[in-house]
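J.: Structure file target12.csv, CSV, C-alpha atoms, is pasted below:
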```csv
chain,number,residue,atom,x,y,z
A,1,MET,CA,-4.1,-26.9,-6.1
A,2,LYS,CA,-3.2,-28.0,-9.6
A,3,ARG,CA,-6.9,-28.6,-10.4
A,4,ILE,CA,-7.7,-25.1,-9.3
A,5,ALA,CA,-5.0,-23.6,-11.5
A,6,ILE,CA,-6.3,-25.6,-14.5
A,7,PHE,CA,-9.9,-24.4,-13.7
A,8,PHE,CA,-8.8,-20.8,-13.7
A,9,SER,CA,-6.8,-21.2,-16.8
A,10,ILE,CA,-9.8,-22.7,-18.7
A,11,LEU,CA,-12.0,-19.8,-17.6
A,12,LEU,CA,-9.4,-17.2,-18.6
A,13,ALA,CA,-9.0,-18.9,-22.0
A,14,LEU,CA,-12.8,-18.7,-22.4
A,15,GLY,CA,-12.6,-15.0,-21.7
A,16,VAL,CA,-9.9,-14.5,-24.3
A,17,VAL,CA,-12.1,-16.4,-26.9
A,18,LEU,CA,-15.1,-14.2,-26.0
A,19,ILE,CA,-13.1,-11.1,-26.5
A,20,ALA,CA,-11.9,-12.3,-29.9
A,21,ALA,CA,-15.4,-13.2,-30.9
A,22,THR,CA,-17.1,-9.9,-29.9
A,23,PRO,CA,-16.3,-6.3,-30.6
A,24,HIS,CA,-14.1,-4.9,-27.9
A,25,ARG,CA,-14.9,-1.5,-26.4
A,26,ALA,CA,-11.5,-0.5,-25.3
A,27,GLN,CA,-9.8,2.1,-27.6
A,28,ALA,CA,-6.1,3.1,-27.3
A,29,GLN,CA,-6.0,6.8,-27.9
A,30,TYR,CA,-3.9,9.8,-26.9
A,31,TRP,CA,-5.4,11.6,-24.0
A,32,TRP,CA,-5.3,15.0,-25.7
A,33,ASN,CA,-7.5,14.0,-28.7
A,34,ALA,CA,-9.7,11.3,-27.0
A,35,SER,CA,-13.4,12.2,-26.9
A,36,ARG,CA,-15.0,13.3,-23.6
A,37,GLU,CA,-18.4,14.0,-25.2
A,38,PRO,CA,-21.6,12.9,-23.4
A,39,ALA,CA,-23.0,9.5,-24.5
A,40,GLY,CA,-26.7,10.6,-24.2
A,41,ILE,CA,-27.4,8.2,-21.4
A,42,ALA,CA,-28.0,10.6,-18.5
A,43,PRO,CA,-31.3,12.6,-18.2
A,44,ASP,CA,-31.3,16.3,-18.5
A,45,PRO,CA,-31.2,17.6,-14.9
A,46,LEU,CA,-33.1,20.8,-15.9
A,47,THR,CA,-36.1,18.8,-17.0
A,48,THR,CA,-35.8,15.9,-14.4
A,49,PRO,CA,-36.5,17.3,-10.9
A,50,GLU,CA,-36.4,13.9,-9.1
A,51,ALA,CA,-33.4,12.8,-7.1
A,52,ILE,CA,-31.0,10.5,-9.1
A,53,VAL,CA,-28.0,8.3,-8.4
A,54,GLN,CA,-26.2,6.7,-11.3
A,55,VAL,CA,-23.0,4.6,-11.4
A,56,TYR,CA,-21.1,4.4,-14.6
A,57,GLY,CA,-18.2,2.3,-15.9
A,58,ALA,CA,-16.1,2.6,-19.0
A,59,ARG,CA,-13.0,0.8,-20.3
A,60,ALA,CA,-9.9,2.3,-18.7
A,61,PHE,CA,-7.7,4.6,-20.7
A,62,SER,CA,-5.1,3.2,-23.1
A,63,TRP,CA,-3.9,-0.5,-22.8
A,64,ARG,CA,-5.4,-0.8,-19.4
A,65,GLY,CA,-8.9,-0.9,-21.0
A,66,TYR,CA,-8.2,-4.4,-22.3
A,67,PHE,CA,-8.1,-5.6,-18.7
A,68,GLY,CA,-10.6,-3.5,-16.8
A,69,ILE,CA,-12.9,-0.5,-16.4
A,70,HIS,CA,-12.9,2.9,-14.6
A,71,THR,CA,-16.0,3.6,-12.5
A,72,TRP,CA,-17.6,6.7,-11.1
A,73,ILE,CA,-20.7,7.8,-9.3
A,74,ALA,CA,-23.0,10.7,-10.3
A,75,VAL,CA,-25.8,12.1,-8.1
A,76,LYS,CA,-28.4,14.8,-8.4
A,77,PRO,CA,-30.5,15.8,-5.4
A,78,THR,CA,-34.2,16.7,-5.8
A,79,ALA,CA,-34.6,19.9,-7.9
A,80,ALA,CA,-30.8,20.3,-8.4
A,81,GLU,CA,-29.9,21.7,-11.8
A,82,SER,CA,-26.6,19.7,-12.3
A,83,PHE,CA,-25.0,16.4,-11.4
A,84,THR,CA,-22.2,16.0,-9.0
A,85,ILE,CA,-19.5,13.4,-9.9
A,86,TYR,CA,-17.5,11.4,-7.3
A,87,GLU,CA,-14.5,9.5,-8.6
A,88,VAL,CA,-10.8,8.7,-8.1
A,89,ILE,CA,-8.4,10.0,-10.8
A,90,GLY,CA,-5.0,8.4,-10.5
A,91,TRP,CA,-2.9,11.0,-12.3
A,92,MET,CA,-3.8,13.6,-9.6
A,93,GLN,CA,-1.3,11.7,-7.5
A,94,ARG,CA,1.5,12.8,-9.8
A,95,ARG,CA,0.6,16.4,-9.0
A,96,LYS,CA,0.7,15.6,-5.3
A,97,LEU,CA,-3.0,16.3,-5.0
A,98,PRO,CA,-5.8,14.1,-3.5
A,99,VAL,CA,-7.0,11.5,-6.0
A,100,VAL,CA,-10.6,11.8,-4.8
A,101,VAL,CA,-12.3,14.5,-6.9
A,102,ILE,CA,-15.9,15.8,-6.4
A,103,TYR,CA,-17.2,18.2,-9.0
A,104,ASP,CA,-20.2,19.2,-11.0
A,105,ASN,CA,-20.3,18.0,-14.6
A,106,VAL,CA,-22.1,15.9,-17.2
A,107,PRO,CA,-22.3,12.4,-15.7
A,108,ASP,CA,-22.1,10.2,-18.8
A,109,ARG,CA,-19.1,11.6,-20.7
A,110,ARG,CA,-16.9,9.1,-22.5
A,111,TRP,CA,-13.8,8.1,-20.6
A,112,TYR,CA,-11.2,9.3,-23.0
A,113,GLY,CA,-12.9,7.8,-26.0
A,114,ASN,CA,-14.5,4.8,-24.4
A,115,MET,CA,-18.2,4.6,-24.1
A,116,PRO,CA,-19.6,4.5,-20.6
A,117,GLU,CA,-22.1,1.8,-19.4
A,118,LEU,CA,-24.8,2.5,-16.9
A,119,LEU,CA,-24.2,0.1,-14.0
A,120,LEU,CA,-26.9,1.5,-11.6
A,121,ASP,CA,-29.8,3.9,-11.8
A,122,LYS,CA,-31.9,4.9,-8.8
A,123,ARG,CA,-34.4,7.7,-8.7
A,124,GLY,CA,-37.2,9.3,-6.7
A,125,GLU,CA,-38.3,8.7,-3.1
A,126,GLY,CA,-35.6,8.0,-0.6
A,127,VAL,CA,-32.7,8.8,-3.0
A,128,ASP,CA,-31.9,12.1,-1.4
A,129,ALA,CA,-31.0,10.2,1.8
A,130,LEU,CA,-28.7,7.9,-0.3
A,131,ILE,CA,-27.0,10.9,-1.8
A,132,ALA,CA,-26.2,12.2,1.7
A,133,LYS,CA,-24.7,8.8,2.6
A,134,ILE,CA,-22.7,8.7,-0.6
A,135,ASP,CA,-21.2,12.1,0.1
A,136,GLU,CA,-20.3,11.1,3.6
A,137,ALA,CA,-18.7,7.9,2.5
A,138,ALA,CA,-16.7,9.6,-0.3
A,139,ARG,CA,-15.3,12.1,2.2
A,140,SER,CA,-14.2,9.4,4.6
A,141,TYR,CA,-12.5,7.2,1.9
A,142,PRO,CA,-9.3,5.8,3.6
A,143,TYR,CA,-7.0,6.3,0.6
A,144,PRO,CA,-7.6,9.9,-0.5
A,145,LYS,CA,-4.0,10.4,-1.6
A,146,ASN,CA,-3.1,6.9,-2.7
A,147,TYR,CA,-3.6,5.2,-6.1
A,148,THR,CA,-2.2,2.0,-7.5
A,149,ILE,CA,-3.5,0.6,-10.8
A,150,TRP,CA,-3.2,-3.0,-9.6
A,151,PRO,CA,-4.4,-4.5,-7.3
A,152,GLY,CA,-5.6,-1.2,-5.7
A,153,PRO,CA,-6.5,1.1,-4.2
A,154,ASN,CA,-7.8,2.7,-7.4
A,155,SER,CA,-11.0,4.1,-8.8
A,156,ASN,CA,-12.9,0.9,-8.4
A,157,THR,CA,-11.8,0.5,-4.8
A,158,PHE,CA,-13.3,3.9,-4.2
A,159,VAL,CA,-16.7,3.1,-5.7
A,160,ALA,CA,-16.7,-0.3,-3.9
A,161,TRP,CA,-16.0,1.6,-0.6
A,162,ILE,CA,-19.0,3.8,-1.2
A,163,SER,CA,-21.2,0.8,-2.2
A,164,ARG,CA,-20.3,-1.0,1.0
A,165,ALA,CA,-21.2,2.1,3.0
A,166,VAL,CA,-24.5,2.5,1.2
A,167,PRO,CA,-25.7,-1.1,0.8
A,168,GLU,CA,-29.2,0.2,-0.2
A,169,LEU,CA,-27.6,0.8,-3.7
A,170,GLN,CA,-27.2,-3.0,-4.2
A,171,LEU,CA,-24.5,-2.2,-6.7
A,172,ASP,CA,-23.1,-5.2,-8.5
A,173,LEU,CA,-19.7,-4.1,-9.9
A,174,PRO,CA,-18.6,-6.3,-12.8
A,175,PRO,CA,-15.5,-8.5,-12.6
A,176,THR,CA,-13.7,-6.0,-14.9
A,177,ALA,CA,-13.8,-3.5,-12.0
A,178,ILE,CA,-10.3,-4.6,-10.9
A,179,GLY,CA,-9.6,-3.2,-7.5
A,180,LYS,CA,-13.1,-3.5,-6.1
A,181,ASP,CA,-12.0,-6.4,-3.9
A,182,TYR,CA,-9.1,-4.5,-2.3
A,183,LEU,CA,-9.6,-4.4,1.5
A,184,GLY,CA,-6.2,-3.0,2.5
A,185,TYR,CA,-4.9,-4.9,5.5
A,186,LYS,CA,-8.3,-6.4,6.3
A,187,LEU,CA,-8.7,-10.0,5.4
A,188,ILE,CA,-12.5,-10.3,5.8
A,189,GLY,CA,-15.1,-7.8,5.0
A,190,GLN,CA,-18.4,-7.1,3.3
A,191,ALA,CA,-18.7,-7.8,-0.4
A,192,PRO,CA,-18.6,-4.6,-2.5
A,193,SER,CA,-22.4,-4.5,-2.7
A,194,GLY,CA,-22.6,-4.4,1.1
A,195,SER,CA,-24.4,-7.7,1.0
A,196,GLY,CA,-22.8,-11.0,2.1
A,197,PHE,CA,-19.1,-11.3,2.8
A,198,GLN,CA,-15.7,-11.7,1.2
A,199,VAL,CA,-12.2,-12.9,2.1
A,200,SER,CA,-9.5,-11.0,0.2
A,201,LEU,CA,-5.7,-10.9,0.4
A,202,PHE,CA,-4.9,-7.4,-0.7
A,203,GLY,CA,-7.3,-7.8,-3.7
A,204,LEU,CA,-5.0,-10.5,-5.1
A,205,MET,CA,-6.7,-13.6,-4.0
A,206,GLY,CA,-10.0,-14.4,-2.4
A,207,VAL,CA,-13.7,-15.3,-2.6
A,208,LEU,CA,-17.0,-13.6,-2.0
A,209,VAL,CA,-20.5,-14.8,-1.5
A,210,SER,CA,-23.5,-12.4,-1.8
A,211,GLU,CA,-27.1,-12.2,-2.7
A,212,VAL,CA,-26.3,-9.4,-5.1
A,213,GLU,CA,-23.0,-10.5,-6.7
A,214,GLY,CA,-23.5,-14.3,-6.5
A,215,ILE,CA,-20.2,-16.2,-6.0
A,216,GLU,CA,-16.9,-14.8,-7.2
A,217,PHE,CA,-13.3,-16.1,-7.0
A,218,ASN,CA,-10.4,-13.6,-7.2
A,219,PHE,CA,-7.1,-14.9,-8.6
A,220,LEU,CA,-4.3,-12.3,-9.0
A,221,GLY,CA,-6.9,-9.5,-9.1
A,222,LEU,CA,-8.9,-11.3,-11.9
A,223,SER,CA,-12.5,-12.2,-10.9
A,224,PHE,CA,-14.4,-15.3,-12.0
A,225,GLY,CA,-17.9,-16.1,-10.9
A,226,VAL,CA,-21.5,-17.1,-11.4
A,227,ASP,CA,-24.8,-15.4,-10.5
A,228,LEU,CA,-28.1,-17.2,-10.3
A,229,ASP,CA,-30.6,-14.3,-10.5
A,230,PRO,CA,-30.6,-13.8,-13.4
A,231,PRO,CA,-28.2,-16.6,-14.5
A,232,ALA,CA,-24.9,-15.1,-15.5
A,233,ILE,CA,-21.2,-15.9,-15.8
A,234,LYS,CA,-18.5,-13.5,-14.7
A,235,LEU,CA,-15.2,-13.5,-16.5
A,236,PRO,CA,-12.0,-11.3,-16.3
A,237,LEU,CA,-11.4,-9.1,-19.4
A,238,VAL,CA,-15.0,-9.8,-20.7
A,239,GLY,CA,-17.2,-8.8,-17.7
A,240,ARG,CA,-20.6,-10.1,-16.7
A,241,LYS,CA,-22.6,-12.0,-19.4
A,242,GLU,CA,-26.2,-13.0,-18.7
A,243,LEU,CA,-26.6,-16.5,-20.0
A,244,ASN,CA,-30.2,-16.0,-21.4
A,245,SER,CA,-29.4,-13.0,-23.5
A,246,TRP,CA,-26.0,-14.5,-24.5
A,247,PHE,CA,-27.6,-17.7,-25.8
A,248,GLN,CA,-30.4,-15.7,-27.5
A,249,SER,CA,-27.8,-13.5,-29.3
A,250,ALA,CA,-25.8,-16.5,-30.4
A,251,ALA,CA,-28.9,-18.2,-31.8
A,252,GLU,CA,-29.9,-15.0,-33.8
A,253,ASN,CA,-26.4,-14.9,-35.3
```
Before we go any further, please render this structure as structure tokens.
T.:
Amino acid sequence: MKRIAIFFSILLALGVVLIAATPHRAQAQYWWNASREPAGIAPDPLTTPEAIVQVYGARAFSWRGYFGIHTWIAVKPTAAESFTIYEVIGWMQRRKLPVVVIYDNVPDRRWYGNMPELLLDKRGEGVDALIAKIDEAARSYPYPKNYTIWPGPNSNTFVAWISRAVPELQLDLPPTAIGKDYLGYKLIGQAPSGSGFQVSLFGLMGVLVSEVEGIEFNFLGLSFGVDLDPPAIKLPLVGRKELNSWFQSAAEN
């Protein structure tokens, strides 16, 4: 047990070093003046008739962004003129409203100042069927009125729930998506991608093995892992770093 604790401590220390060595994307801002402008990532639905599914993640608002991201799903059926967004918004709970929100809007807006990152993009044939499954899964989410920042259920729990229900997405949520491993009172379930399996104790401790995510260990909600295709290391606070591009970038600097 002591060796395991030392191992996790070393990985966490490595994550802190990487954060210090690279520009961090989290920005602490007041909600009323933080940007919600589009990032220019999403296609224009008026000139893109094909069906589209996109998943975005951005550093969470305020101090929470140093630890994790907020994720959401955007879909556009064939010939639709706008995107529909599916996400969980925690502060809806304060108003005694459902935390699951479904609405039409620009899919790639900044999350209160923080730049979104495109985590998945599927288009064309067969995507309309995926959109129907996404909608069904979102409306059957088991925690529509519950939100807990840590360890869940939260916005990442919601996206992981949909991903498990629609394994064709093959979504690999990064380790910074804290809450993705929350299974409620279940101890064993599918990995968030819907591929492989995971063991999780309320999202606080566990392990997952999957062809999509690789191998991950969860300790107090923080995920550590490795992926083989392509080779990558997964660290809390930092996220997923592909080793080939990481070494290339280090060599260029």
J.: Which value, in Å to one decimal, gives the distance between atom CA of A:Asp227 and atom CA of A:Ile85?
T.: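 Answer for the atom CA of A:Asp227 to atom CA of A:Ile85 separation: 29.3 Å.
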J.: Work out how far apart atom CA of A:Tyr103 and atom CA of A:Trp150 are and give it in Å to one decimal.
T.: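 Taking atom CA of A:Tyr103 and atom CA of A:Trp150, their separation equals 25.4 Å.
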J.: In terms of the shortest atom-to-atom distance over only C-alpha atoms, which of A:Lys96, A:Pro174, A:Asp229, A:Leu187 is closest to A:Glu216?
T.: A:Pro174
J.: Expressed in Å to a single decimal, how great is the separation between atom CA of A:Tyr147 and atom CA of A:Trp91?
T.: 8.5 Å
J.: Which polymer residues have any atom within 12 Å of an atom of A:Val207, counting only C-alpha atoms, with same-chain residues fewer than 5 positions away left out, as a PyMOL selection string?
T.: chain A and resi 181-182+187-192+196-202+213-226
J.: Name all residues at most 10 Å from A:Glu87 (count all atoms listed in the file; drop same-chain ones fewer than 4 positions away) and give them as a PDB file with C-alpha atoms, in the frame of the given file.
T.:
```
ATOM      1  CA  HIS A  70     -12.900   2.900 -14.600  1.00  0.00           C
ATOM      2  CA  THR A  71     -16.000   3.600 -12.500  1.00  0.00           C
ATOM      3  CA  TRP A  72     -17.600   6.700 -11.100  1.00  0.00           C
ATOM      4  CA  ILE A  73     -20.700   7.800  -9.300  1.00  0.00           C
ATOM      5  CA  ALA A  74     -23.000  10.700 -10.300  1.00  0.00           C
ATOM      6  CA  VAL A  99      -7.000  11.500  -6.000  1.00  0.00           C
ATOM      7  CA  VAL A 100     -10.600  11.800  -4.800  1.00  0.00           C
ATOM      8  CA  VAL A 101     -12.300  14.500  -6.900  1.00  0.00           C
ATOM      9  CA  ILE A 102     -15.900  15.800  -6.400  1.00  0.00           C
ATOM     10  CA  TYR A 103     -17.200  18.200  -9.000  1.00  0.00           C
ATOM     11  CA  ALA A 138     -16.700   9.600  -0.300  1.00  0.00           C
ATOM     12  CA  ASN A 154      -7.800   2.700  -7.400  1.00  0.00           C
ATOM     13  CA  SER A 155     -11.000   4.100  -8.800  1.00  0.00           C
ATOM     14  CA  ASN A 156     -12.900   0.900  -8.400  1.00  0.00           C
ATOM     15  CA  PHE A 158     -13.300   3.900  -4.200  1.00  0.00           C
ATOM     16  CA  VAL A 159     -16.700   3.100  -5.700  1.00  0.00           C
TER      17      VAL A 159
END
```
J.: Which residues come within 8 Å of A:Val212, counting all atoms listed in the file, excluding same-chain residues fewer than 6 positions away, as number ranges by chain?
T.: A: 170-172, 193, 195
J.: Put those residues in a file: C-alpha atoms, as a short mmCIF file (atom, residue, chain, number, x, y, z; two decimals), in the frame of the given file.
T.:
```cif
data_model
loop_
_atom_site.label_atom_id
_atom_site.label_comp_id
_atom_site.auth_asym_id
_atom_site.auth_seq_id
_atom_site.Cartn_x
_atom_site.Cartn_y
_atom_site.Cartn_z
CA GLN A 170 -27.20 -3.00 -4.20
CA LEU A 171 -24.50 -2.20 -6.70
CA ASP A 172 -23.10 -5.20 -8.50
CA SER A 193 -22.40 -4.50 -2.70
CA SER A 195 -24.40 -7.70 1.00
#
```
J.: So, with all atoms listed in the file as the atoms that count, which of A:Asp121, A:Glu136, A:Glu37, A:Asp128 lies closest to A:Lys76?
T.: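 For A:Lys76, the nearest of the candidates is A:Asp128.
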J.: For A:Pro116, which residue out of A:Pro43, A:Gly179, A:Gly152, A:Pro38 is the nearest one, using all atoms listed in the file?
T.: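 When distances to A:Pro116 are compared using all atoms listed in the file, the smallest one comes from A:Pro38.
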J.: Can you work out which one of A:Val127, A:Ala34, A:Ala39, A:Met115 has the shortest atom-to-atom distance to A:Val53, counting only C-alpha atoms?
T.: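 Between A:Val127, A:Ala34, A:Ala39, A:Met115, the residue approaching A:Val53 most closely is A:Val127.
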J.: Between A:Ala60, A:Pro144, A:Tyr66, A:Glu81, which one has atoms that come closest to A:Leu46, using only C-alpha atoms?
T.: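 Counting only C-alpha atoms, the residue closest to A:Leu46 is A:Glu81.
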J.: Rank A:Pro167, A:Leu173, A:Gly184, A:Leu119 by their smallest atom-to-atom distance to A:Pro142, using only C-alpha atoms, and report the top residue only.
T.: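 Of all the options, A:Gly184 lies closest to A:Pro142.
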J.: Go ahead and find all residues with at least one atom no further than 9 Å from (-16.2, 16.8, -21.8) in the file's coordinates, using all atoms listed in the file; report them as a PyMOL selection string.
T.: chain A and resi 35-38+105-106+109-110
